[in-house]
$ cat input.cif   # mmCIF, C-alpha atoms and all ligand atoms
data_target
loop_
_atom_site.label_atom_id
_atom_site.label_comp_id
_atom_site.auth_asym_id
_atom_site.auth_seq_id
_atom_site.Cartn_x
_atom_site.Cartn_y
_atom_site.Cartn_z
CA MET A 264 20.61 20.93 4.51
CA GLN A 265 22.20 23.45 2.15
CA THR A 266 21.31 23.02 -1.50
CA ASN A 267 22.81 24.25 -4.73
CA PHE A 268 20.27 24.37 -7.53
CA SER A 269 20.30 26.76 -10.47
CA LEU A 270 17.34 29.07 -11.08
CA ALA A 271 16.61 27.14 -14.26
CA GLN A 272 16.37 23.90 -12.26
CA LEU A 273 14.07 25.53 -9.71
CA ALA A 274 11.74 26.72 -12.46
CA ASP A 275 10.60 23.09 -12.60
CA SER A 276 7.88 22.73 -9.96
CA ALA A 277 8.80 19.13 -9.05
CA MET A 278 12.44 20.13 -8.54
CA ALA A 279 11.46 23.21 -6.52
CA GLU A 280 9.32 20.97 -4.27
CA SER A 281 12.20 18.53 -3.79
CA GLU A 282 14.59 21.35 -2.99
CA LYS A 283 12.19 22.54 -0.28
CA ILE A 284 12.12 19.03 1.18
CA LEU A 285 15.92 18.66 1.04
CA ARG A 286 16.35 21.88 2.98
CA THR A 287 14.28 20.55 5.90
CA CYS A 288 16.70 17.68 6.60
CA VAL A 289 19.11 18.57 9.40
CA HIS A 290 21.27 15.40 8.98
CA CYS A 291 20.50 14.32 12.56
CA GLY A 292 20.36 10.62 11.63
CA PHE A 293 17.45 9.74 13.96
CA CYS A 294 15.78 8.03 10.99
CA LEU A 295 18.57 5.46 10.64
CA ALA A 296 17.46 3.43 13.65
CA THR A 297 13.99 2.71 12.27
CA CYS A 298 14.89 2.14 8.61
CA PRO A 299 14.50 -1.57 7.71
CA THR A 300 17.20 -1.58 5.02
CA TYR A 301 19.72 0.16 7.27
CA THR A 302 18.79 -2.23 10.09
CA LEU A 303 19.50 -5.21 7.80
CA LEU A 304 22.41 -3.96 5.70
CA GLY A 305 24.12 -1.48 8.05
CA ASP A 306 25.19 0.72 5.14
CA GLU A 307 24.59 4.49 5.40
CA LEU A 308 23.87 4.51 1.64
CA ASP A 309 20.88 2.27 2.39
CA SER A 310 19.56 4.59 5.09
CA PRO A 311 17.10 7.49 4.69
CA ARG A 312 19.81 10.09 5.32
CA GLY A 313 22.17 8.40 2.86
CA ARG A 314 19.44 8.24 0.22
CA ILE A 315 18.55 11.88 0.77
CA TYR A 316 22.20 12.83 0.11
CA GLN A 317 22.30 10.70 -3.03
CA ILE A 318 19.05 12.19 -4.34
CA LYS A 319 20.33 15.72 -3.63
CA GLN A 320 23.55 15.00 -5.52
CA MET A 321 21.71 13.43 -8.45
CA PHE A 322 19.28 16.35 -8.77
CA GLU A 323 21.93 19.06 -8.35
CA ASP A 324 24.27 17.45 -10.88
CA ASP A 325 21.40 17.32 -13.37
CA VAL A 326 22.81 14.22 -15.05
CA PRO A 327 21.29 10.83 -15.82
CA ALA A 328 20.79 8.90 -12.57
CA PRO A 329 24.05 7.08 -11.70
CA ALA A 330 23.85 3.29 -11.36
CA SER A 331 25.01 3.39 -7.72
CA THR A 332 22.22 5.81 -6.74
CA VAL A 333 19.67 3.71 -8.62
CA LYS A 334 20.80 0.65 -6.65
CA HIS A 335 20.25 2.29 -3.25
CA ILE A 336 16.96 3.98 -4.22
CA ASP A 337 15.68 0.67 -5.63
CA ARG A 338 16.46 -0.95 -2.28
CA CYS A 339 14.25 1.58 -0.47
CA LEU A 340 10.90 0.01 0.45
CA SER A 341 9.05 3.34 0.51
CA CYS A 342 7.82 2.06 3.87
CA LEU A 343 8.00 5.64 5.24
CA SER A 344 9.14 4.50 8.68
CA CYS A 345 11.69 7.32 8.40
CA MET A 346 8.87 9.87 8.11
CA THR A 347 7.35 8.69 11.38
CA THR A 348 10.72 9.03 13.12
CA CYS A 349 11.97 12.28 11.59
CA PRO A 350 11.76 15.21 14.03
CA SER A 351 12.08 17.74 11.17
CA SER A 352 9.06 16.48 9.20
CA VAL A 353 11.13 15.76 6.08
CA HIS A 354 8.62 14.64 3.42
CA TYR A 355 10.70 11.68 2.28
CA MET A 356 7.74 10.17 0.37
CA HIS A 357 7.47 13.05 -2.10
CA LEU A 358 11.25 13.21 -2.41
CA VAL A 359 11.74 9.52 -3.18
CA ASP A 360 8.71 9.49 -5.51
CA HIS A 361 10.32 12.30 -7.50
CA ALA A 362 13.67 10.47 -7.47
CA ARG A 363 12.02 7.33 -8.84
CA THR A 364 10.41 9.32 -11.68
CA TYR A 365 13.76 10.99 -12.41
CA ILE A 366 15.46 7.59 -12.50
CA HIS A 367 12.77 6.19 -14.80
CA GLU A 368 13.24 9.12 -17.18
CA THR A 369 17.04 9.36 -17.21
CA HIS A 370 18.50 5.93 -16.44
CA THR A 371 18.68 2.97 -18.81
CA ARG A 372 18.23 -0.20 -16.83
CA PRO A 373 19.57 -3.61 -17.92
CA PHE A 374 17.25 -5.35 -20.38
CA MET A 375 15.81 -7.93 -17.95
CA ASP A 376 15.07 -5.29 -15.34
CA ARG A 377 13.29 -3.11 -17.91
CA ALA A 378 11.32 -6.07 -19.24
CA LEU A 379 10.23 -7.10 -15.75
CA ARG A 380 9.10 -3.58 -14.84
CA THR A 381 7.19 -3.20 -18.10
CA LEU A 382 5.50 -6.54 -17.53
CA LEU A 383 4.53 -5.71 -13.94
CA ALA A 384 3.16 -2.31 -14.96
CA LEU A 385 1.05 -3.94 -17.67
CA VAL A 386 -0.19 -6.92 -15.72
CA LEU A 387 -0.66 -6.03 -12.04
CA PRO A 388 -3.14 -3.16 -12.40
CA ARG A 389 -5.48 -5.12 -14.70
CA ALA A 390 -7.62 -7.94 -13.34
CA VAL A 391 -7.77 -10.20 -16.43
CA PRO A 392 -4.02 -10.14 -17.35
CA PHE A 393 -3.17 -10.50 -13.64
CA ARG A 394 -5.43 -13.53 -13.31
CA LEU A 395 -3.80 -15.09 -16.41
CA ALA A 396 -0.33 -14.36 -15.03
CA LEU A 397 -1.21 -16.07 -11.74
CA PHE A 398 -2.53 -19.05 -13.65
CA GLY A 399 0.78 -19.16 -15.58
CA ALA A 400 2.68 -19.00 -12.28
CA THR A 401 0.73 -22.02 -11.03
CA LEU A 402 1.77 -24.01 -14.12
CA ALA A 403 5.39 -22.89 -13.72
CA ARG A 404 5.57 -23.79 -10.01
CA PRO A 405 7.29 -27.21 -10.53
CA PHE A 406 10.10 -25.47 -12.46
CA ALA A 407 10.57 -22.58 -10.04
CA GLY A 408 13.92 -23.95 -8.81
CA PHE A 409 15.46 -23.46 -12.26
CA LEU A 410 14.36 -19.83 -12.63
CA PRO A 411 16.26 -16.64 -11.69
CA GLY A 412 15.53 -14.96 -8.30
CA GLN A 413 12.87 -12.47 -9.34
CA LEU A 414 10.82 -14.99 -11.35
CA LYS A 415 11.18 -17.51 -8.53
CA ALA A 416 9.84 -14.88 -6.11
CA MET A 417 6.82 -14.23 -8.34
CA ILE A 418 5.94 -17.90 -8.42
CA ALA A 419 6.40 -18.26 -4.66
CA LEU A 420 3.99 -15.37 -4.06
CA ALA A 421 1.27 -16.65 -6.41
CA PRO A 422 -1.57 -18.32 -4.50
CA LYS A 423 -1.94 -22.10 -4.86
CA SER A 424 -5.55 -21.69 -5.99
CA LEU A 425 -7.39 -18.65 -7.31
CA PRO A 426 -10.86 -17.66 -6.13
CA SER A 427 -13.51 -16.86 -8.74
CA PRO A 428 -14.16 -13.18 -9.52
CA SER A 429 -16.82 -11.63 -7.30
CA PRO A 430 -19.98 -10.19 -8.90
CA MET A 431 -19.91 -7.57 -6.11
CA ASP A 432 -16.87 -5.91 -7.72
CA ARG A 433 -18.91 -4.89 -10.76
CA PRO A 434 -20.21 -1.30 -10.93
CA GLN A 435 -23.46 -1.15 -8.94
CA ARG A 436 -25.15 0.26 -5.85
CA PHE A 437 -25.64 -1.60 -2.57
CA PRO A 438 -28.45 -0.04 -0.50
CA ALA A 439 -28.02 0.54 3.22
CA SER A 440 -29.83 -1.77 5.65
CA GLY A 441 -32.34 0.19 7.70
CA GLU A 442 -32.03 3.95 8.04
CA ARG A 443 -29.35 5.37 5.73
CA ARG A 444 -26.51 6.96 7.68
CA GLY A 445 -24.22 7.72 4.79
CA ARG A 446 -23.23 7.03 1.20
CA VAL A 447 -19.74 6.03 0.09
CA ALA A 448 -17.87 4.87 -2.99
CA LEU A 449 -15.80 1.73 -2.49
CA MET A 450 -12.52 1.45 -4.33
CA THR A 451 -12.54 -2.18 -5.47
CA GLY A 452 -8.96 -1.89 -6.75
CA CYS A 453 -6.99 -4.25 -8.97
CA ALA A 454 -4.72 -6.98 -7.57
CA GLN A 455 -6.68 -7.42 -4.35
CA ARG A 456 -9.95 -8.26 -6.08
CA VAL A 457 -8.15 -11.06 -7.95
CA LEU A 458 -6.18 -12.42 -4.99
CA ASP A 459 -8.96 -12.19 -2.41
CA PRO A 460 -12.36 -10.91 -3.58
CA SER A 461 -13.84 -11.76 -0.17
CA ILE A 462 -12.28 -8.55 1.23
CA ASN A 463 -14.49 -6.26 -0.85
CA GLU A 464 -17.48 -8.50 -0.15
CA ALA A 465 -16.88 -8.28 3.62
CA THR A 466 -16.41 -4.51 3.35
CA ILE A 467 -19.72 -4.05 1.49
CA ARG A 468 -21.61 -6.26 3.99
CA LEU A 469 -20.05 -4.43 6.93
CA LEU A 470 -20.89 -0.99 5.59
CA THR A 471 -24.46 -1.73 4.47
CA ARG A 472 -25.16 -3.53 7.77
CA HIS A 473 -24.13 -0.28 9.49
CA GLY A 474 -26.55 1.83 7.43
CA VAL A 475 -24.14 2.98 4.72
CA GLU A 476 -25.02 2.85 1.05
CA VAL A 477 -22.10 1.64 -1.07
CA VAL A 478 -21.54 2.43 -4.70
CA VAL A 479 -18.96 0.73 -6.91
CA ALA A 480 -18.38 3.48 -9.46
CA LYS A 481 -18.07 2.70 -13.16
CA GLY A 482 -14.61 3.46 -14.52
CA ALA A 483 -12.68 3.26 -11.22
CA GLY A 484 -9.81 0.78 -11.00
CA CYS A 485 -6.18 0.65 -9.91
CA CYS A 486 -5.14 3.61 -7.74
CA GLY A 487 -1.85 3.97 -9.65
CA SER A 488 0.48 3.21 -6.75
CA LEU A 489 2.14 0.18 -8.38
CA THR A 490 3.33 2.23 -11.36
CA HIS A 491 3.90 5.35 -9.21
CA HIS A 492 6.43 3.44 -7.09
CA MET A 493 8.23 2.29 -10.23
CA GLY A 494 8.58 5.92 -11.34
CA GLN A 495 6.14 5.45 -14.23
CA GLU A 496 4.35 8.70 -13.56
CA HIS A 497 2.42 8.81 -16.81
CA HIS A 498 0.66 5.49 -16.06
CA ALA A 499 0.10 6.43 -12.42
CA LEU A 500 -1.53 9.75 -13.29
CA SER A 501 -3.82 8.23 -15.88
CA SER A 502 -5.04 5.67 -13.28
CA ALA A 503 -5.53 8.52 -10.79
CA LYS A 504 -7.55 10.55 -13.31
CA ALA A 505 -9.79 7.59 -14.19
CA ASN A 506 -10.62 7.13 -10.49
CA ILE A 507 -11.15 10.82 -9.86
CA ALA A 508 -13.54 11.06 -12.83
CA ALA A 509 -15.47 7.98 -11.67
CA TRP A 510 -15.84 9.13 -8.05
CA TRP A 511 -16.40 12.79 -8.92
CA ALA A 512 -19.47 11.76 -10.91
CA GLU A 513 -20.92 10.35 -7.66
CA THR A 514 -20.42 13.56 -5.68
CA ALA A 515 -23.12 16.24 -5.48
CA GLU A 516 -20.78 18.71 -7.26
CA GLY A 517 -20.28 16.18 -10.03
CA GLY A 518 -24.04 15.69 -10.51
CA GLY A 519 -24.35 12.47 -8.44
CA GLU A 520 -26.21 11.63 -5.23
CA GLY A 521 -23.34 12.80 -3.03
CA LEU A 522 -20.53 11.01 -1.20
CA ASP A 523 -19.49 11.04 2.44
CA ALA A 524 -16.26 9.20 1.68
CA VAL A 525 -14.28 7.15 -0.79
CA ILE A 526 -13.57 3.95 1.12
CA ILE A 527 -10.31 2.12 0.59
CA ASN A 528 -9.54 -1.25 2.16
CA THR A 529 -5.94 -1.61 0.96
CA SER A 530 -3.78 0.79 2.91
CA GLY A 531 -1.09 0.94 0.20
CA CYS A 532 -3.73 2.31 -2.18
CA GLY A 533 -5.13 4.62 0.50
CA THR A 534 -1.78 6.36 0.91
CA THR A 535 -1.72 7.07 -2.83
CA VAL A 536 -5.36 8.18 -3.17
CA LYS A 537 -4.88 10.58 -0.25
CA ASP A 538 -1.96 12.04 -2.22
CA TYR A 539 -3.91 12.63 -5.46
CA GLY A 540 -4.16 16.35 -4.69
CA PHE A 541 -0.37 16.60 -4.54
CA MET A 542 0.22 14.34 -7.55
CA LEU A 543 -2.02 16.50 -9.75
CA ARG A 544 -1.31 19.88 -8.15
CA ASP A 545 0.04 21.39 -11.37
CA ASP A 546 -2.71 20.09 -13.61
CA ARG A 547 -5.23 22.89 -14.12
CA GLU A 548 -7.96 20.59 -15.32
CA TRP A 549 -7.65 18.05 -12.51
CA SER A 550 -6.10 19.70 -9.46
CA SER A 551 -9.23 20.82 -7.63
CA LYS A 552 -11.14 17.57 -8.26
CA ALA A 553 -8.06 15.59 -7.24
CA ALA A 554 -7.80 17.53 -3.97
CA ALA A 555 -11.52 17.03 -3.29
CA ILE A 556 -11.33 13.26 -3.88
CA ALA A 557 -8.16 13.01 -1.77
CA GLY A 558 -10.06 14.79 1.00
CA LEU A 559 -12.85 12.20 0.82
CA ALA A 560 -10.49 9.19 0.93
CA ARG A 561 -10.77 7.12 4.13
CA ASP A 562 -9.39 3.77 5.13
CA ILE A 563 -12.26 1.47 6.08
CA SER A 564 -10.96 1.29 9.67
CA GLU A 565 -10.92 5.10 9.93
CA PHE A 566 -14.49 5.30 8.65
CA MET A 567 -15.82 2.47 10.84
CA ASP A 568 -14.10 3.90 13.90
CA LYS A 569 -16.09 7.15 13.44
CA LEU A 570 -19.30 5.27 12.70
CA GLY A 571 -18.99 2.92 15.68
CA LEU A 572 -19.33 -0.87 15.56
CA ARG A 573 -22.78 -2.31 16.26
CA PRO A 574 -23.18 -4.96 18.98
CA VAL A 575 -21.27 -8.18 18.42
CA GLU A 576 -23.39 -11.11 17.21
CA ASN A 577 -20.69 -13.75 16.87
CA GLU A 578 -18.60 -13.97 20.04
CA THR A 579 -15.29 -15.31 18.74
CA GLY A 580 -12.69 -13.92 21.14
CA LEU A 581 -9.54 -14.70 19.17
CA ARG A 582 -6.03 -13.70 20.12
CA VAL A 583 -5.27 -11.39 17.19
CA ALA A 584 -1.78 -10.22 16.29
CA TYR A 585 -2.46 -6.94 14.52
CA HIS A 586 0.08 -6.24 11.78
CA SER A 587 -0.01 -2.54 10.98
CA ALA A 588 1.03 -2.18 7.34
CA CYS A 589 3.65 0.52 6.75
CA SER A 590 1.23 2.38 4.51
CA MET A 591 -1.29 2.32 7.37
CA GLN A 592 0.93 3.38 10.27
CA HIS A 593 3.56 5.48 8.48
CA GLY A 594 1.82 6.47 5.23
CA GLN A 595 -1.60 7.34 6.66
CA LYS A 596 -0.71 7.61 10.37
CA ILE A 597 -3.62 5.34 11.29
CA LYS A 598 -2.57 3.43 14.38
CA GLU A 599 -5.35 2.91 16.91
CA PRO A 600 -8.65 2.62 14.93
CA PRO A 601 -8.10 -0.94 13.59
CA LYS A 602 -7.09 -2.17 17.06
CA THR A 603 -10.00 -0.37 18.76
CA LEU A 604 -12.42 -1.96 16.31
CA LEU A 605 -10.94 -5.44 16.74
CA ARG A 606 -11.27 -5.10 20.51
CA ALA A 607 -14.85 -3.87 20.11
CA ALA A 608 -15.43 -7.01 18.03
CA GLY A 609 -14.48 -9.07 21.08
CA HIS A 610 -10.89 -9.99 20.26
CA GLU A 611 -7.75 -9.82 22.36
CA VAL A 612 -5.38 -7.66 20.31
CA VAL A 613 -1.64 -8.10 20.73
CA ASP A 614 1.07 -5.89 19.26
CA ILE A 615 3.83 -7.50 17.22
CA PRO A 616 7.38 -6.73 18.45
CA GLU A 617 9.33 -4.44 16.06
CA GLY A 618 5.95 -3.49 14.62
CA HIS A 619 7.45 -0.45 12.87
CA LEU A 620 9.48 -2.70 10.53
CA CYS A 621 8.17 -3.61 7.08
CA CYS A 622 7.30 -7.26 6.28
CA GLY A 623 9.06 -6.89 2.91
CA SER A 624 5.95 -6.71 0.75
CA ALA A 625 5.99 -3.00 -0.19
CA GLY A 626 4.05 -3.08 -3.47
CA THR A 627 6.28 -4.82 -6.01
CA TYR A 628 9.33 -4.81 -3.72
CA ASN A 629 9.11 -8.53 -2.87
CA LEU A 630 9.23 -9.23 -6.61
CA MET A 631 12.04 -6.78 -7.43
CA GLN A 632 14.23 -7.27 -4.32
CA PRO A 633 13.44 -10.83 -3.20
CA ASP A 634 16.54 -11.26 -1.01
CA ILE A 635 15.97 -8.24 1.25
CA ALA A 636 12.21 -8.89 1.23
CA GLY A 637 12.88 -12.49 2.31
CA GLU A 638 15.05 -11.37 5.25
CA LEU A 639 12.38 -8.92 6.39
CA LEU A 640 9.73 -11.61 6.09
CA LYS A 641 11.72 -14.03 8.27
CA ARG A 642 12.12 -11.34 10.92
CA LYS A 643 8.42 -10.42 10.80
CA VAL A 644 7.28 -14.03 11.08
CA ALA A 645 9.64 -14.69 14.02
CA ASN A 646 8.22 -11.63 15.79
CA ILE A 647 4.65 -12.77 15.10
CA GLU A 648 5.36 -16.25 16.44
CA ARG A 649 6.72 -14.76 19.67
CA VAL A 650 3.20 -13.53 20.56
CA ALA A 651 1.53 -16.87 19.68
CA PRO A 652 -1.64 -15.53 18.05
CA ASP A 653 -4.68 -17.46 16.80
CA VAL A 654 -4.80 -15.21 13.78
CA ILE A 655 -3.00 -12.28 12.17
CA ALA A 656 -5.10 -9.29 11.06
CA THR A 657 -3.96 -6.56 8.73
CA GLY A 658 -5.42 -3.99 6.37
CA ASN A 659 -3.29 -4.50 3.26
CA ILE A 660 -3.44 -7.35 0.74
CA GLY A 661 0.30 -7.04 -0.02
CA CYS A 662 1.17 -7.85 3.61
CA MET A 663 -1.38 -10.67 3.67
CA THR A 664 0.26 -12.28 0.63
CA GLN A 665 3.80 -11.75 1.87
CA ILE A 666 3.28 -12.91 5.47
CA GLY A 667 1.04 -15.75 4.26
CA THR A 668 4.00 -17.28 2.41
CA GLY A 669 6.11 -17.40 5.59
CA SER A 670 3.71 -18.27 8.38
CA ASP A 671 1.20 -21.03 9.09
CA VAL A 672 -0.86 -18.74 11.32
CA PRO A 673 -4.02 -17.78 9.39
CA ILE A 674 -3.95 -14.21 8.13
CA VAL A 675 -7.08 -12.23 7.40
CA HIS A 676 -8.10 -8.70 6.57
CA THR A 677 -9.33 -6.66 9.55
CA VAL A 678 -12.73 -6.13 7.85
CA ALA A 679 -13.24 -9.88 7.59
CA LEU A 680 -13.09 -10.16 11.40
CA LEU A 681 -15.36 -7.13 11.88
CA ASP A 682 -17.86 -8.49 9.36
CA TRP A 683 -17.85 -11.90 11.06
CA ALA A 684 -18.34 -10.41 14.51
CA THR A 685 -21.31 -8.31 13.42
CA GLY A 686 -23.21 -11.05 11.58
CA GLY A 687 -21.20 -11.99 8.50
CA PRO A 688 -19.68 -15.37 7.67
CA MET A 689 -16.51 -16.76 9.22
CA PRO A 690 -13.51 -15.83 7.03
CA ASP A 691 -12.45 -18.82 4.89
CA ALA A 692 -8.89 -18.62 6.18
CA LEU A 693 -10.16 -19.46 9.68
CA SER A 694 -12.37 -22.42 9.04
CA GLY A 695 -11.08 -25.21 11.22
CA LYS A 696 -7.73 -23.53 11.80
CA THR A 697 -8.04 -21.90 15.19
CA ARG A 698 -8.85 -23.10 18.68
CA GLN A 699 -11.87 -20.80 18.82
CA ALA A 700 -13.11 -21.64 15.36
CA ALA A 701 -13.20 -25.30 16.31
CA ARG A 702 -15.63 -24.66 19.18
S1 LIG A 801 15.63 12.15 10.88
FE1 LIG A 801 14.87 13.64 9.36
S2 LIG A 801 16.18 15.42 9.59
FE2 LIG A 801 17.24 13.72 10.60
S3 LIG A 801 18.58 12.86 9.00
FE3 LIG A 801 16.67 11.69 8.92
S4 LIG A 801 15.44 12.76 7.39
FE4 LIG A 801 17.09 14.18 7.96
S1 LIG A 802 11.16 4.57 3.22
FE1 LIG A 802 11.70 2.86 4.58
S2 LIG A 802 13.37 1.77 3.53
FE2 LIG A 802 13.15 3.78 2.53
S3 LIG A 802 14.63 5.10 3.58
FE3 LIG A 802 12.67 5.39 4.66
S4 LIG A 802 12.70 3.89 6.33
FE4 LIG A 802 14.32 3.29 4.89
#

$ encode --input "input.cif" --output "structure tokens"
Amino acid sequence: MQTNFSLAQLADSAMAESEKILRTCVHCGFCLATCPTYTLLGDELDSPRGRIYQIKQMFEDDVPAPASTVKHIDRCLSCLSCMTTCPSSVHYMHLVDHARTYIHETHTRPFMDRALRTLLALVLPRAVPFRLALFGATLARPFAGFLPGQLKAMIALAPKSLPSPSPMDRPQRFPASGERRGRVALMTGCAQRVLDPSINEATIRLLTRHGVEVVVAKGAGCCGSLTHHMGQEHHALSSAKANIAAWWAETAEGGGEGLDAVIINTSGCGTTVKDYGFMLRDDREWSSKAAAIAGLARDISEFMDKLGLRPVENETGLRVAYHSACSMQHGQKIKEPPKTLLRAAGHEVVDIPEGHLCCGSAGTYNLMQPDIAGELLKRKVANIERVAPDVIATGNIGCMTQIGTGSDVPIVHTVALLDWATGGPMPDALSGKTRQAAR
């Protein structure tokens, strides 16, 4: 694609990077067929190619982001399905991330939209405010019908009951069982540990059972993706730096005992942590540490696939519909390891038709764009029901929450099934709910 930027514009490193990306697009349109919003809405402006044109125009014009462009960029899920399809390797993720920051800095949103975004950025990444907000949503549930769409969506997504915080999420060290085969830091995250603390517990049991020491580093928290995807770069980078500092202190170079990996069990966060090197590339103080931490980041399924699963102790043999989160399959290009592990754990793994399409979760998307998210959810649930599974497994809490509101089939994190198979407890979501569990 031809571009027309001034030298002054290109002196800005973010703009120069975006210009490079824009030039790789050859307008072929292959990406349209796999874009969820284009599939639903049929409007070129809601397709990857259409968005790339609008971003190009917005950047070249060097004016505050126009409302029409904001509308179509806001409708993008950042699912990155277009990156999997694109034959020219257009780095749409970096382009749309830059566009979102540009929009945040130049466009004045309507008051309610601004207030909602500020609230989400303050609440979601922090466990205590998030817990309080979920409690408030429980109280507001009877009045949900009288509330506007986005607030109604928030209440619908809040769980009916909240689990207690897990002591395992506090900073500490979990020694390996038997001979030590490795040492990792576990990212315990933010929203996930409030919504379902059993995921980190299962991850720690699984790793230590396989001879891996796990450290929960002091000072680590939200990865920054929630604010990053709202264009709030300042917040995202300060979250990234807090994590990098915490994990760096555990590496041999940072004076710690050394790390073989930083383990992430929420694929949406994994995509962001793996991008820390790029996000902080221009920061002299942080760039090399950021690149090193990004290089250590592994999804739990990636790490366990390399380590190999020990013999199965609990023969469960469920029919598992594996839902590959967009951030897993498109963001991190991890496709086979979770399925290989589930099979090794004794399950029959079935693919979900139209598996490349997003479920509508996409970080805060289901809160900000509830109508499109709802359509995608209906489509995902119908596809899941076509394969009649006992259980749905996935590696991202956002998808678990979203799909859980639309389907009666139990949904669990992949690690919960691996933990159960190798000696851990049955996941709560399964007790009494499946044919096999009833045996
Ligand atoms: S598939 Fe790639 S090169 Fe083709 S239009 Fe889409 S982004 Fe551009
Ligand atoms: S990220 Fe997803 S929704 Fe956005 S343009 Fe690409 S395929 Fe479409």

$ atom_distance --input "input.cif" --atom1 "CA of Gly531 in chain A" --atom2 "CA of Arg547 in chain A"
26.5 Å

$ residues_around --input "input.cif" --residues "range 634-639 of chain A" --least-positions-apart "4" --cutoff "10 Å" --atoms "all atoms listed in the file" --output "MDAnalysis selection string"
chainID A and resid 299:300 302:304 338 340 412:413 416 620:625 628:630 643:645 665:666 669

$ residues_around --input "input.cif" --residues "range 274-291 of chain A" --least-positions-apart "3" --cutoff "12 Å" --atoms "only C-alpha atoms" --output "mmCIF file with C-alpha atoms, keeping the file's coordinate frame"
data_model
loop_
_atom_site.group_PDB
_atom_site.id
_atom_site.type_symbol
_atom_site.label_atom_id
_atom_site.label_comp_id
_atom_site.auth_asym_id
_atom_site.auth_seq_id
_atom_site.Cartn_x
_atom_site.Cartn_y
_atom_site.Cartn_z
ATOM 1 C CA MET A 264 20.610 20.930 4.510
ATOM 2 C CA GLN A 265 22.200 23.450 2.150
ATOM 3 C CA THR A 266 21.310 23.020 -1.500
ATOM 4 C CA ASN A 267 22.810 24.250 -4.730
ATOM 5 C CA PHE A 268 20.270 24.370 -7.530
ATOM 6 C CA SER A 269 20.300 26.760 -10.470
ATOM 7 C CA LEU A 270 17.340 29.070 -11.080
ATOM 8 C CA ALA A 271 16.610 27.140 -14.260
ATOM 9 C CA CYS A 294 15.780 8.030 10.990
ATOM 10 C CA LEU A 295 18.570 5.460 10.640
ATOM 11 C CA ALA A 296 17.460 3.430 13.650
ATOM 12 C CA GLU A 307 24.590 4.490 5.400
ATOM 13 C CA SER A 310 19.560 4.590 5.090
ATOM 14 C CA PRO A 311 17.100 7.490 4.690
ATOM 15 C CA ARG A 312 19.810 10.090 5.320
ATOM 16 C CA GLY A 313 22.170 8.400 2.860
ATOM 17 C CA ARG A 314 19.440 8.240 0.220
ATOM 18 C CA ILE A 315 18.550 11.880 0.770
ATOM 19 C CA TYR A 316 22.200 12.830 0.110
ATOM 20 C CA GLN A 317 22.300 10.700 -3.030
ATOM 21 C CA ILE A 318 19.050 12.190 -4.340
ATOM 22 C CA LYS A 319 20.330 15.720 -3.630
ATOM 23 C CA GLN A 320 23.550 15.000 -5.520
ATOM 24 C CA MET A 321 21.710 13.430 -8.450
ATOM 25 C CA PHE A 322 19.280 16.350 -8.770
ATOM 26 C CA GLU A 323 21.930 19.060 -8.350
ATOM 27 C CA ASP A 325 21.400 17.320 -13.370
ATOM 28 C CA CYS A 345 11.690 7.320 8.400
ATOM 29 C CA MET A 346 8.870 9.870 8.110
ATOM 30 C CA THR A 348 10.720 9.030 13.120
ATOM 31 C CA CYS A 349 11.970 12.280 11.590
ATOM 32 C CA PRO A 350 11.760 15.210 14.030
ATOM 33 C CA SER A 351 12.080 17.740 11.170
ATOM 34 C CA SER A 352 9.060 16.480 9.200
ATOM 35 C CA VAL A 353 11.130 15.760 6.080
ATOM 36 C CA HIS A 354 8.620 14.640 3.420
ATOM 37 C CA TYR A 355 10.700 11.680 2.280
ATOM 38 C CA MET A 356 7.740 10.170 0.370
ATOM 39 C CA HIS A 357 7.470 13.050 -2.100
ATOM 40 C CA LEU A 358 11.250 13.210 -2.410
ATOM 41 C CA VAL A 359 11.740 9.520 -3.180
ATOM 42 C CA ASP A 360 8.710 9.490 -5.510
ATOM 43 C CA HIS A 361 10.320 12.300 -7.500
ATOM 44 C CA ALA A 362 13.670 10.470 -7.470
ATOM 45 C CA THR A 364 10.410 9.320 -11.680
ATOM 46 C CA TYR A 365 13.760 10.990 -12.410
ATOM 47 C CA PHE A 541 -0.370 16.600 -4.540
ATOM 48 C CA MET A 542 0.220 14.340 -7.550
ATOM 49 C CA LEU A 543 -2.020 16.500 -9.750
ATOM 50 C CA ARG A 544 -1.310 19.880 -8.150
ATOM 51 C CA ASP A 545 0.040 21.390 -11.370
ATOM 52 C CA ASP A 546 -2.710 20.090 -13.610
#

$ axis_aligned_box --input "input.cif" --around "range 386-397 of chain A" --padding-each-side "4 Å" --output "JSON"
{"center_x": -4.0, "center_y": -9.6, "center_z": -14.5, "size_x": 15.6, "size_y": 20.9, "size_z": 13.6}

$ closest_residue --input "input.cif" --among "A:Arg363, A:His676, A:Arg389, A:Lys641" --to "ligand LIG 802 (chain A)" --atoms "all atoms listed in the file"
A:Arg363

$ closest_residue --input "input.cif" --among "A:Leu343, A:Ala421, A:Ile660, A:Ile462" --to "ligand LIG 801 (chain A)" --atoms "only C-alpha atoms and all ligand atoms"
A:Leu343

$ closest_residue --input "input.cif" --among "A:Asp682, A:Asp432, A:Glu476, A:Glu464" --to "Gly452 in chain A" --atoms "only C-alpha atoms"
A:Asp432

$ atom_distance --input "input.cif" --atom1 "CA of Ser331 in chain A" --atom2 "CA of Thr534 in chain A"
28.3 Å

$ closest_residue --input "input.cif" --among "A:Val391, A:Ala439, A:Leu680, A:Cys589" --to "ligand LIG 802 (chain A)" --atoms "all atoms listed in the file"
A:Cys589

$ closest_residue --input "input.cif" --among "A:Glu578, A:Glu611, A:Asp538, A:Asp562" --to "Val678 in chain A" --atoms "only C-alpha atoms"
A:Asp562
